[in-house]
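J.: Before we start, here is the structure in question, set down as structure tokens.
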Amino acid sequence: MSCFDPVKWDPSWHRPCSSIHEELPGNCLTGPGKRPARNQGHSYLGMGEEVMVAVPESVLKKQKREEEWEMAKKQELAATKKKNAENRKLIFNRAKQYAKEYEEQGKQLVQLKREARLKGGFYVDPEAKLLFIIRIRGINAMHPKTRSILQLLRLRQIFNGVFLKVNKATVNMLHRVEPYVTFGYPNLKSVRELIYKRGFGKLTQQRIPLTDNSIIEQGLGKHGIICVEDLIHEIITVGPHFKEANNFLWPFQLKAPLGGLKKKRNHYVEGGDAGNRENYINELIRRMN
Amino acid sequence: MAAAARPLVSVQPLPGSLNDMATDHVTTVALPDVMKASIRPDIVNFVHTNISKNSRQPYAVSKKAGHQTSAESWGTGRAVSRIPRVSGGGTHRAGQGAFGNMCRGGRMFAPTKTWRRWHRKVNVNQKRYAVVSAIAASSIPSLVMARGHRVESVPEMPLVISDSAESIEKTSTAIKVLKEIGAYPDAEKAKDSQAIRPGKGKMRNRRYISRKGPLIVYGTEGAKLVKAFRNIPGVEVANVERLNLLKLAPGGHLGRFVIWTKSAIEKLDSIYGSFEKCSEKKKGYVLPRSKMVNADLARIINSDEVQSVVKPIKKEIKRASLKKNPLKNLNVMLKLNPYAKTARRMALLAEAERVKSKKEKLDKKRKPVSKEELAAAKAAGKAWYKTMISDSDYTEFDNFTKWLGVSQ
């Protein structure tokens with residue numbers, strides 16, 4: 001606003017006085033104007049006749065900077081591509097290994113059962129290590145202590161589901177919230193389907209869908225979990241980093257069960273829905289996923 | 001903001017009859033700092049609206065108007081409204097409503113008073129800021145043209161003419177001078193625009209209106225040019241020491257066409273001072289500083305100082321895409337678990353294998369058995385039975401002899 005100068009009035013009056021440029025601060029003295037170019041810009045016409053090209057210094061610097069940025073970007077891109085390719089192979093092998101592991105476990109179970117039947121005894125499954133809890137009651141009219149427990153379990157909404165490790169502490173907690181939840185022992189298919197279809201991860205307090213292994217790597221990379229299969233494996237075989245992996249998973253938001261619940265108000269053993277329904281949770285998960 | 005060198009304004013020489021100019025050709029004057037001040041149309045508008053109220057004359061209705069009756073309300077019970085009515089009789093006026101603003105012949109609502117606040121106080125600094133802004137704007141051709149002045153044929157802005165103009169006595173020479181310096185089209189425009197005002201102002205002593213022409217600013221007191229120029233329609237004259245915002249920015253709009261004389265423009269520096277030096281005439285006054293010294297944003301942004309610390313533009317913005325179900329969509333599944341492809345392939349192959357072998361088994365069973373095969377099967381059965389008997393220890397047991405049909 002303050003730099004207007006008296007303008008010489010030509011019929012083509014766009015040319016300001018050259019003295020204006022002396023007054024501008026800094027080294028912005030590179031105003032437009034005909035003068036021989038400094039670094040580059042000598043173009044030769046014919047035999048050694050120099051054409052005056054006006055190339056401001058700032059433009060040249062900017063060009064150089066942009067080139068550097070481009071190169072850096074290209075290098076970064078190449079590096080990430082390479083890393084991704086390596087990762088991919090690793091993930092493939094891990095997934096294969098897990099698949100074999102699960103198959104073996106299944107076969108082993110069958111074999112043990114058959115053995116026991118043969119001998120005339122019974123095979124008792126080991127106590128489950130992993131639980132899946134689903135909240136089946138709503139928000140209102142709840143005792144504040146049970147409300148806090150449900151909050152601790154991250155079940156803040158009806159038909160929210162979370163995985164849970166089994167130990168004395170959690171079992172006692174479950175006992176107190178029994179009328180509000182139903183839980184049981186999920187099998188591999190349940191875990192897989194839940195994580196693939198409704199899996200969301202917690203990254204910087206945000207609920208991000210698990211659309212790419214890079215998201216999981218970002219969240220759990222430091223525990224060696226870099227892909228979905230790793231995550232599933234960690235959850236199902238309650239591994240050493242189960243706590244981090246489970247906490248990374250946002251509570252599952254399931255839909256209301258197709259076919260309905262039997263009777264929310266009663267315990268499962270009474271013909272209702274609440275409480276521990278052991279292996280029948282898988283059937284409920286199929287209907288709610 | 002130290003102006004390294006101030007641009008020079010050349011002084012327009014006047015036509016030949018004024019000879020003292022002819023000797024030294026084309027003198028120049030340094031541009032006074034006032035013309036570099038920041039242009040603030042908001043301040044000018046504010047100050048102008050307030051200053052223009054200061055020459056108002058009060059108006060009011062008579063304080064007795066509407067009350068020169070002794071009207072009284074008839075009260076209720078007479079089937080008429082309760083408005084005070086004129087007492088007495090024998091005339092139309094009797095019984096008519098009075099006093100109220102709704103009544104004919106009553107006093108108006110809120111009768112206007114002379115003690116309405118007509119004048120406005122404006123801070124001295126603001127007034128000076130406005131004048132300084134207006135002077136600065138008058139030196140910018142685009143603003144002057146935007147205000148509507150015909151300055152196409154003016155050789156330079158700001159337009160400075162030599163001091164010999166101050167001794168012009170005849171209006172005819174004044175017009176000739178205007179023509180010489182290219183200011184006549186503007187004066188002509190003012191003359192052509194003289195018209196009768198539309199509206200009631202006509203009958204309120206504001207009958208004629210016209211456009212504003214150039215404003216001539218002179219430096220020496222008592223210059224003869226006042227009398228010469230003042231009768232030209234549209235042209236106004238002012239002494240540099242007493243510049244009026246209402247003349248410099250008529251209507252609150254910046255950019256009056258100003259013609260300065262050389263002595264006037266030389267005085268401007270001492271009247272308004274510079275950005276560092278106080279003015280001599282106005283105690284302690286320094287020209288206002290602008291908020292931004294260099295307001296050319298494009299130039300600043302593209303300057304090297306800024307560009308050298310700027311990060312590269314993020315051209316590709318990644319947005320969250322729709323989540324697709326990997327259990328249904330194979331490609332999405334493969335993105336997450338590359339092993340899924342081989343797993344699925346193996347499962348499909350295994351299924352196909354199972355189906356094939358089952359079919360074969362069933363086909364074999366449903367095929368009618370040939371006679372040789374049938375005979376062979378039966379013979380094999382009998383043979384086995386025999387070996388069963390012979391191989392077993394059952395012959396030694398008495399209990400079994402009866403139904404086994406064994407003969408020693």
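Ligands are numbered from 1 in the order shown, residues from 1 within each chain, and chains are lettered A, B, ... in the order they appear in the structure tokens.
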Please identify every residue of region 103-177 of chain A that has at least one atom no farther than 8 Å from an atom of region 231-242 of chain A, counting only C-alpha atoms, and for each give the shortest atom pair and the distance in Å to one decimal, arranged by chain then increasing number, as JSON lines.
T.:
```
{"residue": "A:Lys129", "atom": "CA", "partner": "A:Val238", "partner_atom": "CA", "distance": 6.7}
{"residue": "A:Leu130", "atom": "CA", "partner": "A:Val238", "partner_atom": "CA", "distance": 6.7}
{"residue": "A:Phe163", "atom": "CA", "partner": "A:Ile235", "partner_atom": "CA", "distance": 7.9}
{"residue": "A:Lys165", "atom": "CA", "partner": "A:Val238", "partner_atom": "CA", "distance": 7.1}
```
J.: Quick one: residues within 9 Å of Arg137 (chain A), only C-alpha atoms counted, chain neighbours fewer than 6 positions away excluded, as a ChimeraX atom specification?
T.: /A:157-159,179-181,264-265
J.: Save the residues we just selected, N, CA, C and O atoms, as a short mmCIF file (atom, residue, chain, number, x, y, z; two decimals), in the first residue's frame?
T.:
```cif
data_model
loop_
_atom_site.label_atom_id
_atom_site.label_comp_id
_atom_site.auth_asym_id
_atom_site.auth_seq_id
_atom_site.Cartn_x
_atom_site.Cartn_y
_atom_site.Cartn_z
N GLN A 157 -21.12 -49.83 24.45
CA GLN A 157 -22.30 -49.72 23.61
C GLN A 157 -22.90 -51.10 23.49
O GLN A 157 -22.18 -52.10 23.60
N ILE A 158 -24.19 -51.18 23.24
CA ILE A 158 -24.80 -52.49 23.10
C ILE A 158 -24.27 -53.16 21.84
O ILE A 158 -24.00 -52.51 20.84
N PHE A 159 -24.08 -54.53 21.94
CA PHE A 159 -23.53 -55.33 20.84
C PHE A 159 -22.12 -54.91 20.47
O PHE A 159 -21.70 -55.07 19.34
N PRO A 179 -24.99 -60.32 34.03
CA PRO A 179 -26.31 -60.10 33.43
C PRO A 179 -26.31 -59.18 32.23
O PRO A 179 -27.30 -59.10 31.51
N TYR A 180 -25.20 -58.48 32.00
CA TYR A 180 -25.20 -57.51 30.91
C TYR A 180 -24.47 -57.99 29.67
O TYR A 180 -24.51 -57.36 28.64
N VAL A 181 -23.74 -59.11 29.82
CA VAL A 181 -22.94 -59.58 28.68
C VAL A 181 -23.20 -61.05 28.44
O VAL A 181 -23.72 -61.77 29.29
N LYS A 264 -32.92 -61.79 26.77
CA LYS A 264 -31.79 -61.08 27.36
C LYS A 264 -31.78 -61.17 28.87
O LYS A 264 -30.73 -61.21 29.50
N ARG A 265 -32.95 -61.15 29.46
CA ARG A 265 -33.01 -60.97 30.91
C ARG A 265 -32.53 -62.19 31.67
O ARG A 265 -32.20 -62.11 32.85
#
```
J.: Counting only C-alpha atoms, which of A:Glu127, A:Glu103, A:Glu229, A:Glu115 gets nearest to chain B?
T.: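 When distances to chain B are compared using only C-alpha atoms, the smallest one comes from A:Glu229.
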J.: For CA of Glu152 (chain B) and CA of Ala295 (chain B), quote the distance in Å rounded to one decimal.
T.: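 Between these atoms lies a distance of 27.2 Å.
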J.: Using only C-alpha atoms, determine which residues of chain B fall within 8 Å of chain A; present them as number ranges by chain.
T.: B: 2-5, 7, 9, 36-39, 139-141, 154-158, 290, 292-295, 303-304, 307-308, 312, 323-327, 332, 335-339
J.: Could you turn the residues from that selection into a file that holds N, CA and C atoms, as a compact mmCIF listing (two decimals), in the first residue's frame?
T.:
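Saved to out_4.txt:
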```txt
# COMPACT_ATOMS: atom_id res chain seq x y z
N ALA B 2 13.11 3.47 5.02
CA ALA B 2 13.99 4.55 4.56
C ALA B 2 13.98 4.59 3.06
N ALA B 3 13.38 5.62 2.54
CA ALA B 3 13.37 5.75 1.08
C ALA B 3 14.77 6.13 0.64
N ALA B 4 15.35 5.28 -0.11
CA ALA B 4 16.73 5.53 -0.51
C ALA B 4 16.80 6.78 -1.37
N ALA B 5 15.97 6.77 -2.40
CA ALA B 5 15.96 7.96 -3.24
C ALA B 5 14.51 8.21 -3.57
N PRO B 7 11.49 9.44 -5.75
CA PRO B 7 11.29 9.68 -7.18
C PRO B 7 11.07 11.16 -7.43
N VAL B 9 9.43 14.33 -9.50
CA VAL B 9 8.25 14.73 -10.25
C VAL B 9 8.65 15.95 -11.05
N LYS B 36 3.56 8.88 -0.09
CA LYS B 36 3.90 7.48 0.10
C LYS B 36 3.17 6.89 1.29
N ALA B 37 2.30 7.68 1.90
CA ALA B 37 1.62 7.17 3.09
C ALA B 37 0.65 6.07 2.71
N SER B 38 0.25 5.28 3.72
CA SER B 38 -0.67 4.18 3.40
C SER B 38 -2.05 4.74 3.12
N ILE B 39 -2.72 4.13 2.19
CA ILE B 39 -4.03 4.61 1.75
C ILE B 39 -5.08 3.78 2.46
N SER B 139 -2.27 10.91 -5.88
CA SER B 139 -1.12 10.81 -6.76
C SER B 139 -1.14 9.52 -7.56
N ILE B 140 -2.16 8.71 -7.38
CA ILE B 140 -2.20 7.43 -8.09
C ILE B 140 -3.23 7.51 -9.20
N PRO B 141 -2.77 7.42 -10.43
CA PRO B 141 -3.68 7.66 -11.56
C PRO B 141 -4.87 6.71 -11.58
N VAL B 154 -3.35 13.82 -19.06
CA VAL B 154 -2.46 14.48 -18.10
C VAL B 154 -1.07 13.86 -18.23
N PRO B 155 0.00 14.67 -18.33
CA PRO B 155 1.31 14.10 -18.60
C PRO B 155 1.90 13.30 -17.44
N GLU B 156 1.60 13.67 -16.23
CA GLU B 156 2.25 12.99 -15.10
C GLU B 156 1.36 13.11 -13.87
N MET B 157 1.45 12.09 -13.01
CA MET B 157 0.73 12.20 -11.75
C MET B 157 1.74 12.08 -10.63
N PRO B 158 1.80 12.87 -9.59
CA PRO B 158 0.94 14.03 -9.37
C PRO B 158 1.28 15.18 -10.30
N SER B 290 2.54 2.16 7.86
CA SER B 290 1.60 1.15 7.35
C SER B 290 1.78 -0.15 8.09
N MET B 292 1.90 -3.13 6.70
CA MET B 292 2.87 -3.92 5.94
C MET B 292 3.67 -2.96 5.08
N VAL B 293 5.00 -3.00 5.21
CA VAL B 293 5.81 -2.11 4.40
C VAL B 293 5.75 -2.53 2.94
N ASN B 294 5.89 -3.85 2.74
CA ASN B 294 5.82 -4.39 1.39
C ASN B 294 4.55 -5.21 1.31
N ALA B 295 3.54 -4.64 0.65
CA ALA B 295 2.25 -5.33 0.65
C ALA B 295 2.08 -6.24 -0.54
N SER B 303 9.52 -14.86 -3.05
CA SER B 303 10.90 -14.43 -2.85
C SER B 303 11.74 -15.61 -2.39
N ASP B 304 13.03 -15.45 -2.53
CA ASP B 304 13.92 -16.56 -2.19
C ASP B 304 13.91 -16.85 -0.70
N GLN B 307 10.85 -18.96 -0.05
CA GLN B 307 10.83 -20.23 -0.77
C GLN B 307 11.91 -21.18 -0.27
N SER B 308 13.00 -20.63 0.31
CA SER B 308 14.08 -21.53 0.72
C SER B 308 13.72 -22.34 1.95
N PRO B 312 7.97 -28.95 0.26
CA PRO B 312 7.37 -29.20 -1.06
C PRO B 312 5.85 -29.34 -0.98
N LYS B 323 -13.99 -49.06 3.00
CA LYS B 323 -13.45 -50.35 3.45
C LYS B 323 -14.22 -51.46 2.77
N LYS B 324 -13.50 -52.36 2.11
CA LYS B 324 -14.15 -53.50 1.46
C LYS B 324 -13.89 -54.75 2.27
N ASN B 325 -14.82 -55.66 2.24
CA ASN B 325 -14.76 -56.84 3.08
C ASN B 325 -13.81 -57.86 2.48
N PRO B 326 -12.71 -58.17 3.16
CA PRO B 326 -11.76 -59.11 2.57
C PRO B 326 -12.32 -60.52 2.45
N LEU B 327 -13.34 -60.82 3.25
CA LEU B 327 -13.87 -62.17 3.18
C LEU B 327 -14.68 -62.37 1.91
N VAL B 332 -8.84 -57.51 -2.15
CA VAL B 332 -8.58 -56.87 -0.86
C VAL B 332 -7.98 -57.87 0.11
N LYS B 335 -4.36 -58.24 -0.59
CA LYS B 335 -3.56 -57.12 -0.11
C LYS B 335 -3.15 -57.37 1.33
N LEU B 336 -4.08 -57.95 2.11
CA LEU B 336 -3.78 -58.16 3.52
C LEU B 336 -3.01 -59.44 3.75
N ASN B 337 -3.34 -60.47 3.01
CA ASN B 337 -2.76 -61.78 3.26
C ASN B 337 -2.43 -62.44 1.94
N PRO B 338 -1.19 -62.30 1.46
CA PRO B 338 -0.86 -62.84 0.14
C PRO B 338 -0.98 -64.37 0.08
N TYR B 339 -0.88 -65.03 1.24
CA TYR B 339 -0.97 -66.48 1.24
C TYR B 339 -2.37 -66.96 0.91
```
J.: List the spatial neighbours of Tyr218 (chain B) as a short mmCIF file (atom, residue, chain, number, x, y, z; two decimals) with N, CA and C atoms, in the first residue's frame - criterion: any atom at most 12 Å away, only C-alpha atoms, same-chain residues fewer than 4 positions off excluded.
T.:
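Produced file result-v5.cif, reproduced below:
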```
data_model
loop_
_atom_site.label_atom_id
_atom_site.label_comp_id
_atom_site.auth_asym_id
_atom_site.auth_seq_id
_atom_site.Cartn_x
_atom_site.Cartn_y
_atom_site.Cartn_z
N VAL B 160 2.16 18.69 -11.24
CA VAL B 160 2.73 19.89 -10.61
C VAL B 160 2.95 20.92 -11.70
N ILE B 161 2.49 22.14 -11.45
CA ILE B 161 2.74 23.20 -12.44
C ILE B 161 3.61 24.27 -11.79
N SER B 162 4.24 25.05 -12.64
CA SER B 162 5.21 26.01 -12.10
C SER B 162 4.50 27.12 -11.34
N ASP B 163 5.27 27.80 -10.54
CA ASP B 163 4.69 28.82 -9.65
C ASP B 163 4.15 30.02 -10.39
N SER B 164 4.54 30.14 -11.65
CA SER B 164 4.01 31.30 -12.38
C SER B 164 2.50 31.22 -12.49
N ALA B 165 1.95 30.04 -12.25
CA ALA B 165 0.49 29.94 -12.30
C ALA B 165 -0.16 30.72 -11.17
N GLU B 166 0.57 30.92 -10.09
CA GLU B 166 -0.05 31.58 -8.93
C GLU B 166 -0.34 33.04 -9.20
N SER B 167 0.28 33.58 -10.25
CA SER B 167 0.02 35.00 -10.51
C SER B 167 -0.93 35.21 -11.67
N ILE B 168 -1.64 34.13 -12.04
CA ILE B 168 -2.63 34.29 -13.11
C ILE B 168 -3.78 35.11 -12.59
N GLY B 222 -2.55 34.41 -0.46
CA GLY B 222 -2.98 35.57 -1.23
C GLY B 222 -2.63 35.51 -2.69
N ALA B 223 -2.49 34.27 -3.22
CA ALA B 223 -2.15 34.16 -4.64
C ALA B 223 -3.33 34.60 -5.48
N LYS B 224 -2.99 35.21 -6.63
CA LYS B 224 -4.07 35.75 -7.46
C LYS B 224 -4.87 34.63 -8.11
N LEU B 225 -4.27 33.41 -8.12
CA LEU B 225 -4.91 32.36 -8.93
C LEU B 225 -6.26 31.96 -8.38
N VAL B 226 -6.49 32.25 -7.09
CA VAL B 226 -7.78 31.90 -6.50
C VAL B 226 -8.90 32.53 -7.30
N PHE B 229 -9.27 31.07 -10.97
CA PHE B 229 -9.75 29.71 -11.21
C PHE B 229 -11.11 29.44 -10.60
N GLU B 236 -11.99 23.74 -8.10
CA GLU B 236 -11.93 24.29 -6.74
C GLU B 236 -10.50 24.64 -6.43
N VAL B 237 -10.33 25.56 -5.48
CA VAL B 237 -8.99 26.02 -5.13
C VAL B 237 -8.79 25.82 -3.64
N ALA B 238 -7.57 25.51 -3.26
CA ALA B 238 -7.28 25.34 -1.83
C ALA B 238 -5.84 25.73 -1.56
N ASN B 239 -5.62 26.26 -0.38
CA ASN B 239 -4.27 26.56 0.06
C ASN B 239 -3.69 25.32 0.70
N VAL B 240 -2.42 25.07 0.42
CA VAL B 240 -1.82 23.83 0.89
C VAL B 240 -1.85 23.71 2.41
N GLU B 241 -1.83 24.87 3.09
CA GLU B 241 -1.80 24.81 4.55
C GLU B 241 -3.16 24.48 5.14
N ARG B 242 -4.18 24.57 4.33
CA ARG B 242 -5.51 24.31 4.85
C ARG B 242 -6.23 23.39 3.89
N LEU B 243 -5.79 22.14 3.86
CA LEU B 243 -6.43 21.19 2.96
C LEU B 243 -7.62 20.55 3.64
N VAL B 258 -5.88 16.36 -8.30
CA VAL B 258 -5.31 17.56 -7.68
C VAL B 258 -4.21 18.10 -8.57
N ILE B 259 -4.24 19.42 -8.76
CA ILE B 259 -3.16 20.08 -9.49
C ILE B 259 -2.38 20.89 -8.47
N TRP B 260 -1.12 20.54 -8.30
CA TRP B 260 -0.30 21.24 -7.31
C TRP B 260 0.53 22.30 -8.01
N THR B 261 0.77 23.40 -7.31
CA THR B 261 1.80 24.32 -7.80
C THR B 261 3.10 23.93 -7.12
N LYS B 262 4.20 24.41 -7.74
CA LYS B 262 5.50 23.97 -7.26
C LYS B 262 5.70 24.33 -5.78
N SER B 263 5.34 25.56 -5.40
CA SER B 263 5.55 25.94 -4.00
C SER B 263 4.65 25.12 -3.08
N ALA B 264 3.47 24.75 -3.59
CA ALA B 264 2.57 23.96 -2.74
C ALA B 264 3.19 22.62 -2.43
N ILE B 265 3.69 21.99 -3.47
CA ILE B 265 4.20 20.64 -3.24
C ILE B 265 5.48 20.68 -2.43
N GLU B 266 6.24 21.77 -2.55
CA GLU B 266 7.43 21.85 -1.72
C GLU B 266 7.07 22.05 -0.26
N LYS B 267 5.93 22.70 -0.02
CA LYS B 267 5.54 22.92 1.38
C LYS B 267 5.04 21.66 2.04
N LEU B 268 4.58 20.71 1.26
CA LEU B 268 3.96 19.51 1.85
C LEU B 268 4.89 18.81 2.83
#
```
J.: Could you tell me how far CA of Thr28 (chain B) sits from CA of Leu8 (chain B), in Å to one decimal place?
T.: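 Taking CA of Leu8 (chain B) and CA of Thr28 (chain B), their separation equals 6.0 Å.
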J.: Using only C-alpha atoms, find the one residue out of A:Val110, A:Leu152, A:Thr182, A:Arg135 that sits nearest to Asn266 (chain A).
T.: A:Thr182
J.: Which parts of region 182-255 of chain B does DSSP call strand (DSSP E or B) when run on the backbone here, written out as a list in words?
T.: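 The residues of region 182-255 of chain B classed as strand (DSSP E or B) are Ala195, Ile196, Tyr208, Ile209, Leu215, Ile216, Val217, Tyr218, Glu236, Val237, Ala238 and Asn239 of chain B.
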J.: For those residues, write all heavy atoms to a file as a CSV table (one decimal), in the first residue's frame.
T.:
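part_35.csv was written with the following content:
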```csv
chain,number,residue,atom,x,y,z
B,195,ALA,N,-26.8,19.9,-13.8
B,195,ALA,CA,-28.2,19.5,-14.0
B,195,ALA,C,-29.0,19.9,-12.8
B,195,ALA,O,-28.4,20.2,-11.8
B,195,ALA,CB,-28.2,18.0,-14.2
B,196,ILE,N,-30.3,19.8,-13.0
B,196,ILE,CA,-31.1,20.1,-11.8
B,196,ILE,C,-31.2,18.8,-11.0
B,196,ILE,O,-31.4,17.7,-11.5
B,196,ILE,CB,-32.5,20.5,-12.3
B,196,ILE,CG1,-32.4,21.8,-13.1
B,196,ILE,CG2,-33.5,20.7,-11.1
B,196,ILE,CD1,-33.7,22.4,-13.5
B,208,TYR,N,-29.1,22.8,-8.0
B,208,TYR,CA,-28.3,22.3,-9.1
B,208,TYR,C,-27.2,21.4,-8.5
B,208,TYR,O,-26.7,21.5,-7.4
B,208,TYR,CB,-27.6,23.5,-9.8
B,208,TYR,CG,-28.6,24.4,-10.5
B,208,TYR,CD1,-29.0,25.6,-9.9
B,208,TYR,CD2,-29.2,24.0,-11.7
B,208,TYR,CE1,-29.9,26.4,-10.5
B,208,TYR,CE2,-30.1,24.8,-12.3
B,208,TYR,CZ,-30.5,25.9,-11.7
B,208,TYR,OH,-31.4,26.7,-12.3
B,209,ILE,N,-26.9,20.4,-9.3
B,209,ILE,CA,-25.8,19.5,-9.0
B,209,ILE,C,-24.8,19.4,-10.2
B,209,ILE,O,-25.3,19.6,-11.3
B,209,ILE,CB,-26.2,18.1,-8.6
B,209,ILE,CG1,-27.2,17.5,-9.7
B,209,ILE,CG2,-26.8,18.0,-7.3
B,209,ILE,CD1,-27.5,16.1,-9.5
B,215,LEU,N,-8.9,20.0,-8.4
B,215,LEU,CA,-8.7,20.8,-7.2
B,215,LEU,C,-7.3,21.4,-7.4
B,215,LEU,O,-6.3,20.7,-7.5
B,215,LEU,CB,-8.7,19.9,-6.0
B,215,LEU,CG,-8.4,20.6,-4.6
B,215,LEU,CD1,-9.5,21.6,-4.3
B,215,LEU,CD2,-8.2,19.6,-3.5
B,216,ILE,N,-7.2,22.7,-7.4
B,216,ILE,CA,-5.9,23.4,-7.6
B,216,ILE,C,-5.4,23.7,-6.2
B,216,ILE,O,-6.1,24.4,-5.4
B,216,ILE,CB,-6.1,24.7,-8.4
B,216,ILE,CG1,-7.0,24.5,-9.5
B,216,ILE,CG2,-4.7,25.2,-8.8
B,216,ILE,CD1,-6.4,24.4,-10.9
B,217,VAL,N,-4.2,23.3,-5.9
B,217,VAL,CA,-3.6,23.6,-4.5
B,217,VAL,C,-2.4,24.5,-4.7
B,217,VAL,O,-1.5,24.2,-5.5
B,217,VAL,CB,-3.2,22.3,-3.8
B,217,VAL,CG1,-2.5,22.6,-2.5
B,217,VAL,CG2,-4.3,21.4,-3.7
B,218,TYR,N,-2.5,25.7,-4.1
B,218,TYR,CA,-1.4,26.7,-4.2
B,218,TYR,C,-0.7,26.9,-2.9
B,218,TYR,O,-1.2,26.5,-1.9
B,218,TYR,CB,-2.0,28.0,-4.7
B,218,TYR,CG,-3.0,28.6,-3.8
B,218,TYR,CD1,-2.6,29.6,-2.8
B,218,TYR,CD2,-4.3,28.2,-3.8
B,218,TYR,CE1,-3.5,30.1,-1.9
B,218,TYR,CE2,-5.2,28.8,-2.9
B,218,TYR,CZ,-4.8,29.7,-2.0
B,218,TYR,OH,-5.7,30.2,-1.1
B,236,GLU,N,-12.0,23.7,-8.1
B,236,GLU,CA,-11.9,24.3,-6.7
B,236,GLU,C,-10.5,24.6,-6.4
B,236,GLU,O,-9.6,24.1,-7.0
B,236,GLU,CB,-12.5,23.3,-5.7
B,236,GLU,CG,-14.0,23.2,-5.7
B,236,GLU,CD,-14.5,22.1,-4.8
B,236,GLU,OE1,-13.7,21.1,-4.6
B,236,GLU,OE2,-15.6,22.1,-4.3
B,237,VAL,N,-10.3,25.6,-5.5
B,237,VAL,CA,-9.0,26.0,-5.1
B,237,VAL,C,-8.8,25.8,-3.6
B,237,VAL,O,-9.7,26.0,-2.9
B,237,VAL,CB,-8.8,27.5,-5.5
B,237,VAL,CG1,-7.4,27.9,-5.4
B,237,VAL,CG2,-9.4,27.8,-6.9
B,238,ALA,N,-7.6,25.5,-3.3
B,238,ALA,CA,-7.3,25.3,-1.8
B,238,ALA,C,-5.8,25.7,-1.6
B,238,ALA,O,-5.0,25.5,-2.4
B,238,ALA,CB,-7.5,23.9,-1.4
B,239,ASN,N,-5.6,26.3,-0.4
B,239,ASN,CA,-4.3,26.6,0.1
B,239,ASN,C,-3.7,25.3,0.7
B,239,ASN,O,-4.4,24.6,1.4
B,239,ASN,CB,-4.3,27.7,1.1
B,239,ASN,CG,-2.9,28.2,1.5
B,239,ASN,OD1,-2.0,27.4,1.5
B,239,ASN,ND2,-2.8,29.5,1.8
```
J.: Neighbouring residues of Ser73 (chain B) were defined as those with any atom within 6 Å, considering only C-alpha atoms; residues of the same chain fewer than 6 positions away were excluded. Please report them as JSON, numbers by chain.
T.: {"B": [82, 83, 84, 85]}
J.: With N, CA and C atoms retained, could you export that selection as a tab-separated table (two decimals), in the first residue's frame?
T.:
```
chain	number	residue	atom	x	y	z
B	82	ARG	N	-60.98	6.85	23.16
B	82	ARG	CA	-60.63	7.64	24.34
B	82	ARG	C	-59.61	8.72	24.06
B	83	ILE	N	-59.32	9.03	22.81
B	83	ILE	CA	-58.30	10.05	22.49
B	83	ILE	C	-58.80	11.41	22.97
B	84	PRO	N	-57.92	12.28	23.45
B	84	PRO	CA	-58.36	13.63	23.84
B	84	PRO	C	-59.04	14.35	22.68
B	85	ARG	N	-60.12	14.99	22.99
B	85	ARG	CA	-60.88	15.65	21.93
B	85	ARG	C	-61.00	17.13	22.23
```
J.: Please provide the set of residues having any atom within 9 Å of Ser153 (chain B), restricted to only C-alpha atoms, with same-chain residues fewer than 6 positions apart removed, written as an NGL selection string.
T.: (:A and (9)) or (:B and (181-183 or 185))
